[in-house]
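Asker: For reference, this is my_file.pdb, and it has PDB, C-alpha atoms.
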```pdb
ATOM      1  CA  MET A  27     -16.786  77.822  -6.609
ATOM      2  CA  PRO A  28     -19.371  80.484  -7.315
ATOM      3  CA  LYS A  29     -19.461  82.133 -10.720
ATOM      4  CA  ILE A  30     -17.861  85.574 -11.024
ATOM      5  CA  SER A  31     -19.314  87.592 -13.890
ATOM      6  CA  ASP A  32     -17.724  90.407 -15.849
ATOM      7  CA  ASP A  33     -20.024  92.802 -13.971
ATOM      8  CA  ASP A  34     -18.678  91.407 -10.690
ATOM      9  CA  LYS A  35     -15.112  91.965 -11.857
ATOM     10  CA  LYS A  36     -15.946  95.536 -12.885
ATOM     11  CA  LEU A  37     -17.553  96.196  -9.514
ATOM     12  CA  MET A  38     -14.544  94.735  -7.692
ATOM     13  CA  LYS A  39     -12.280  97.050  -9.652
ATOM     14  CA  GLU A  40     -14.495 100.060  -8.814
ATOM     15  CA  CYS A  41     -14.300  99.157  -5.148
ATOM     16  CA  LYS A  42     -10.517  98.867  -5.234
ATOM     17  CA  GLY A  43     -11.648  95.546  -3.933
ATOM     18  CA  ASP A  44      -9.069  92.955  -4.505
ATOM     19  CA  ILE A  45     -10.681  91.222  -1.577
ATOM     20  CA  SER A  46      -9.044  87.985  -2.470
ATOM     21  CA  SER A  47      -5.378  88.039  -1.684
ATOM     22  CA  GLU A  48      -2.473  86.960  -3.813
ATOM     23  CA  ASP A  49      -0.764  85.782  -0.642
ATOM     24  CA  GLU A  50      -2.723  82.748   0.582
ATOM     25  CA  GLY A  51      -1.627  83.410   4.177
ATOM     26  CA  GLU A  52      -3.321  86.829   4.192
ATOM     27  CA  HIS A  53      -6.760  85.227   4.451
ATOM     28  CA  ASP A  54      -6.046  84.514   8.112
ATOM     29  CA  LYS A  55      -5.333  88.174   8.785
ATOM     30  CA  PRO A  56      -7.496  90.381   6.566
ATOM     31  CA  LYS A  57      -6.382  93.966   6.238
ATOM     32  CA  GLY A  58      -8.513  97.085   6.308
ATOM     33  CA  LYS A  59      -8.539  97.235   2.514
ATOM     34  CA  HIS A  60     -10.193  93.812   2.401
ATOM     35  CA  PHE A  61     -12.930  94.936   4.788
ATOM     36  CA  CYS A  62     -13.451  98.157   2.838
ATOM     37  CA  GLY A  63     -13.460  96.372  -0.533
ATOM     38  CA  ALA A  64     -16.121  93.937   0.668
ATOM     39  CA  ALA A  65     -18.168  96.743   2.251
ATOM     40  CA  CYS A  66     -18.081  98.657  -1.044
ATOM     41  CA  LEU A  67     -19.186  95.589  -3.019
ATOM     42  CA  PHE A  68     -22.090  94.920  -0.682
ATOM     43  CA  GLU A  69     -23.190  98.574  -0.690
ATOM     44  CA  LYS A  70     -23.076  98.835  -4.485
ATOM     45  CA  SER A  71     -24.908  95.514  -4.807
ATOM     46  CA  ASN A  72     -27.645  96.632  -2.387
ATOM     47  CA  MET A  73     -26.865  93.880   0.104
ATOM     48  CA  MET A  74     -26.734  96.185   3.124
ATOM     49  CA  LYS A  75     -29.670  97.430   5.163
ATOM     50  CA  ASP A  76     -29.415  99.704   8.187
ATOM     51  CA  GLY A  77     -25.693  99.023   8.649
ATOM     52  CA  SER A  78     -26.017  95.228   8.496
ATOM     53  CA  VAL A  79     -25.826  92.613   5.769
ATOM     54  CA  ASP A  80     -29.337  92.093   4.366
ATOM     55  CA  GLN A  81     -29.774  88.326   4.536
ATOM     56  CA  ASP A  82     -32.471  88.159   1.840
ATOM     57  CA  ALA A  83     -30.513  90.295  -0.630
ATOM     58  CA  PHE A  84     -27.274  88.368   0.027
ATOM     59  CA  LYS A  85     -29.085  85.049  -0.347
ATOM     60  CA  LYS A  86     -30.621  86.093  -3.666
ATOM     61  CA  GLU A  87     -27.250  87.276  -4.992
ATOM     62  CA  ILE A  88     -25.335  84.187  -3.874
ATOM     63  CA  LEU A  89     -27.883  81.537  -4.868
ATOM     64  CA  ALA A  90     -27.794  82.914  -8.425
ATOM     65  CA  ARG A  91     -24.128  81.935  -8.588
ATOM     66  CA  TYR A  92     -24.547  78.281  -7.624
ATOM     67  CA  PRO A  93     -26.237  75.378  -9.392
ATOM     68  CA  ASP A  94     -29.620  74.305  -8.018
ATOM     69  CA  ASN A  95     -28.224  71.148  -6.411
ATOM     70  CA  MET A  96     -26.069  73.346  -4.141
ATOM     71  CA  HIS A  97     -28.923  75.624  -2.996
ATOM     72  CA  PRO A  98     -29.746  73.727   0.235
ATOM     73  CA  THR A  99     -26.081  73.805   1.322
ATOM     74  CA  VAL A 100     -25.670  77.469   0.376
ATOM     75  CA  THR A 101     -28.946  78.503   2.032
ATOM     76  CA  SER A 102     -27.963  76.768   5.261
ATOM     77  CA  ALA A 103     -24.575  78.521   5.253
ATOM     78  CA  ILE A 104     -26.180  81.923   4.660
ATOM     79  CA  GLU A 105     -28.736  81.406   7.423
ATOM     80  CA  LYS A 106     -25.910  80.560   9.823
ATOM     81  CA  CYS A 107     -23.415  83.183   8.719
ATOM     82  CA  VAL A 108     -25.285  86.426   8.107
ATOM     83  CA  PRO A 109     -26.644  86.820  11.662
ATOM     84  CA  LYS A 110     -23.312  85.701  13.118
ATOM     85  CA  ALA A 111     -21.332  88.115  10.928
ATOM     86  CA  ASN A 112     -23.634  91.033  11.731
ATOM     87  CA  SER A 113     -23.258  90.306  15.452
ATOM     88  CA  ILE A 114     -19.454  89.996  15.276
ATOM     89  CA  ALA A 115     -19.244  93.211  13.232
ATOM     90  CA  LYS A 116     -21.415  95.104  15.698
ATOM     91  CA  ASP A 117     -19.147  94.050  18.575
ATOM     92  CA  MET A 118     -16.022  94.772  16.537
ATOM     93  CA  GLY A 119     -16.961  98.211  15.245
ATOM     94  CA  ASN A 120     -15.795  99.710  11.978
ATOM     95  CA  VAL A 121     -12.371  98.919  10.577
ATOM     96  CA  GLU A 122     -10.163 101.746   9.359
ATOM     97  CA  SER A 123      -8.249 101.719   6.089
ATOM     98  CA  GLU A 124      -6.589 104.649   4.363
ATOM     99  CA  GLY A 125      -8.584 107.151   6.409
ATOM    100  CA  GLN A 126     -11.867 105.394   5.688
ATOM    101  CA  LYS A 127     -13.984 103.518   8.235
ATOM    102  CA  CYS A 128     -15.659 100.394   6.904
ATOM    103  CA  ASN A 129     -18.222  97.929   8.171
ATOM    104  CA  PRO A 130     -16.579  94.507   8.670
ATOM    105  CA  ALA A 131     -19.862  92.549   8.328
ATOM    106  CA  PRO A 132     -19.619  91.960   4.550
ATOM    107  CA  LEU A 133     -16.148  90.400   4.666
ATOM    108  CA  ILE A 134     -17.017  88.327   7.728
ATOM    109  CA  THR A 135     -20.193  87.176   5.953
ATOM    110  CA  MET A 136     -18.226  86.188   2.848
ATOM    111  CA  ALA A 137     -15.572  84.300   4.816
ATOM    112  CA  CYS A 138     -18.071  82.471   6.992
ATOM    113  CA  THR A 139     -20.359  81.575   4.076
ATOM    114  CA  TYR A 140     -17.552  80.340   1.834
ATOM    115  CA  THR A 141     -15.892  78.220   4.516
ATOM    116  CA  THR A 142     -19.224  76.807   5.694
ATOM    117  CA  ILE A 143     -20.167  75.826   2.138
ATOM    118  CA  GLN A 144     -16.799  74.135   1.678
ATOM    119  CA  ASN A 145     -17.139  72.265   4.972
ATOM    120  CA  THR A 146     -20.731  71.126   4.453
ATOM    121  CA  CYS A 147     -20.728  70.374   0.747
ATOM    122  CA  PRO A 148     -22.188  66.908   0.099
ATOM    123  CA  GLU A 149     -19.522  64.327  -0.752
ATOM    124  CA  ASP A 150     -21.009  63.573  -4.164
ATOM    125  CA  LEU A 151     -20.671  67.249  -5.166
ATOM    126  CA  LYS A 152     -17.104  67.783  -3.982
ATOM    127  CA  VAL A 153     -14.360  68.172  -6.561
ATOM    128  CA  LYS A 154     -11.731  65.546  -5.829
ATOM    129  CA  SER A 155      -8.224  66.976  -6.189
ATOM    130  CA  ASP A 156      -5.197  67.751  -4.033
ATOM    131  CA  GLU A 157      -5.749  71.487  -4.500
ATOM    132  CA  CYS A 158      -9.391  71.255  -3.403
ATOM    133  CA  ASP A 159      -8.486  69.020  -0.459
ATOM    134  CA  LYS A 160      -5.935  71.607   0.708
ATOM    135  CA  ARG A 161      -8.483  74.401   0.320
ATOM    136  CA  ARG A 162     -11.089  72.452   2.308
ATOM    137  CA  ALA A 163      -8.550  71.800   5.080
ATOM    138  CA  LYS A 164      -7.806  75.538   5.249
ATOM    139  CA  CYS A 165     -11.551  76.263   5.319
ATOM    140  CA  LYS A 166     -12.009  73.900   8.266
ATOM    141  CA  GLU A 167      -9.309  75.785  10.123
ATOM    142  CA  ILE A 168     -10.812  79.204   9.344
ATOM    143  CA  SER A 169     -14.400  78.140  10.066
ATOM    144  CA  LYS A 170     -13.529  77.412  13.713
ATOM    145  CA  LYS A 171     -13.650  81.198  14.163
ATOM    146  CA  PHE A 172     -17.352  81.144  13.260
ATOM    147  CA  ASP A 173     -18.512  78.244  15.448
TER     148      ASP A 173
END
```
Show me this structure written as structure tokens.

Answerer:
Amino acid sequence: MPKISDDDKKLMKECKGDISSEDEGEHDKPKGKHFCGAACLFEKSNMMKDGSVDQDAFKKEILARYPDNMHPTVTSAIEKCVPKANSIAKDMGNVESEGQKCNPAPLITMACTYTTIQNTCPEDLKVKSDECDKRRAKCKEISKKFD
């Protein structure tokens, strides 16, 4: 799991961005507030450029959160997911939430990147536990949407 700093938590609060859900089942059906929370985070973190996720900025931000031995896996996921997410978001159009229209690319990027990392993590780096096994199984299911 990537590190979440106090600054990240503050930014999430500013963005009304509880983009992780308390209800595990909600990850399959994100709501407008999740899209808008992620869009706010990406904007405030300067990870957007011309209405799309800036791959270089996202990569820099995300790699800083992972140990060096995970960088090849994370880089591969980012290189797959950012262009795919930007394309899906362009086709999808903005998502509306509470009278606000938000770019879906950031949330799609986050979901794709996280699930891809979970699915491609080298065996020797995986945490072995029932909880992690369940999470990886869920990630495999979700990642089919990005293939």

Asker: Applied to this file, what does the PyMOL selection byres ((chain A and resi 160-173) around 8) return in terms of residues, put as a ChimeraX atom specification?

Answerer: /A:54,107,110,138,141-142,144-145,156-159

Asker: Please, what distance in Å, to one decimal, runs between atom CA of A:Asn112 and atom CA of A:Phe84?

Answerer: 12.5 Å

Asker: To one decimal in Å, tell me the separation between atom CA of A:Ser31 and atom CA of A:Val153.

Answerer: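 Computing the Euclidean distance for atom CA of A:Ser31 and atom CA of A:Val153 yields 21.3 Å.
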
Asker: I'd like the interatomic distance between atom CA of A:Leu151 and atom CA of A:Met96, to a tenth of an Å.

Answerer: 8.2 Å

Asker: Give me the residues within 12 Å of A:Tyr92 as a VMD selection string, counting all atoms listed in the file and dropping any in the same chain fewer than 5 places off.

Answerer: chain A and resid 27 to 30 85 to 87 97 to 101 140 143 151

Asker: Evaluating the PyMOL selection byres ((chain A and resi 67) around 12) on the displayed file yields which residues, as number ranges by chain?

Answerer: A: 33-45, 60-66, 68-74, 79, 84, 87, 128-129, 131-133, 136

Asker: Grab all the atoms of stretch 127-133 of chain A that the file lists, wrap them in a box along x, y and z, add 4 Å per side, and give me centre plus edge lengths in Å (one decimal) as JSON.

Answerer:
```
{"center_x": -16.9, "center_y": 97.0, "center_z": 6.6, "size_x": 13.9, "size_y": 21.1, "size_z": 12.1}
```

Asker: Hey, which of A:Ser78, A:Lys59, A:Thr146, A:Ser102 ends up closest to A:Ile114? Count only C-alpha atoms.

Answerer: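 Closest to A:Ile114, using only C-alpha atoms: A:Ser78.
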
Asker: Find, counting all atoms listed in the file, the residue in A:Lys154, A:Thr135, A:Pro130, A:Ile104 that gets nearest to A:Lys116.

Answerer: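 Between A:Lys154, A:Thr135, A:Pro130, A:Ile104, the residue approaching A:Lys116 most closely is A:Pro130.
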
Asker: Pick the closest to A:Pro109 from A:Glu124, A:Asp80, A:Asp94, A:Ala137: which is it, counting only C-alpha atoms?

Answerer: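 Closest candidate: A:Asp80.
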
Asker: Which is closer to A:Glu105 than all the others in A:Gly77, A:Gly125, A:Thr139, A:Gly119, using only C-alpha atoms?

Answerer: A:Thr139

Asker: Between A:Ala83, A:Ile134, A:Lys127, A:Pro93, which one has atoms that come closest to A:Ser113, using all atoms listed in the file?

Answerer: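 Going through A:Ala83, A:Ile134, A:Lys127, A:Pro93 one by one, the smallest distance to A:Ser113 is for A:Ile134.
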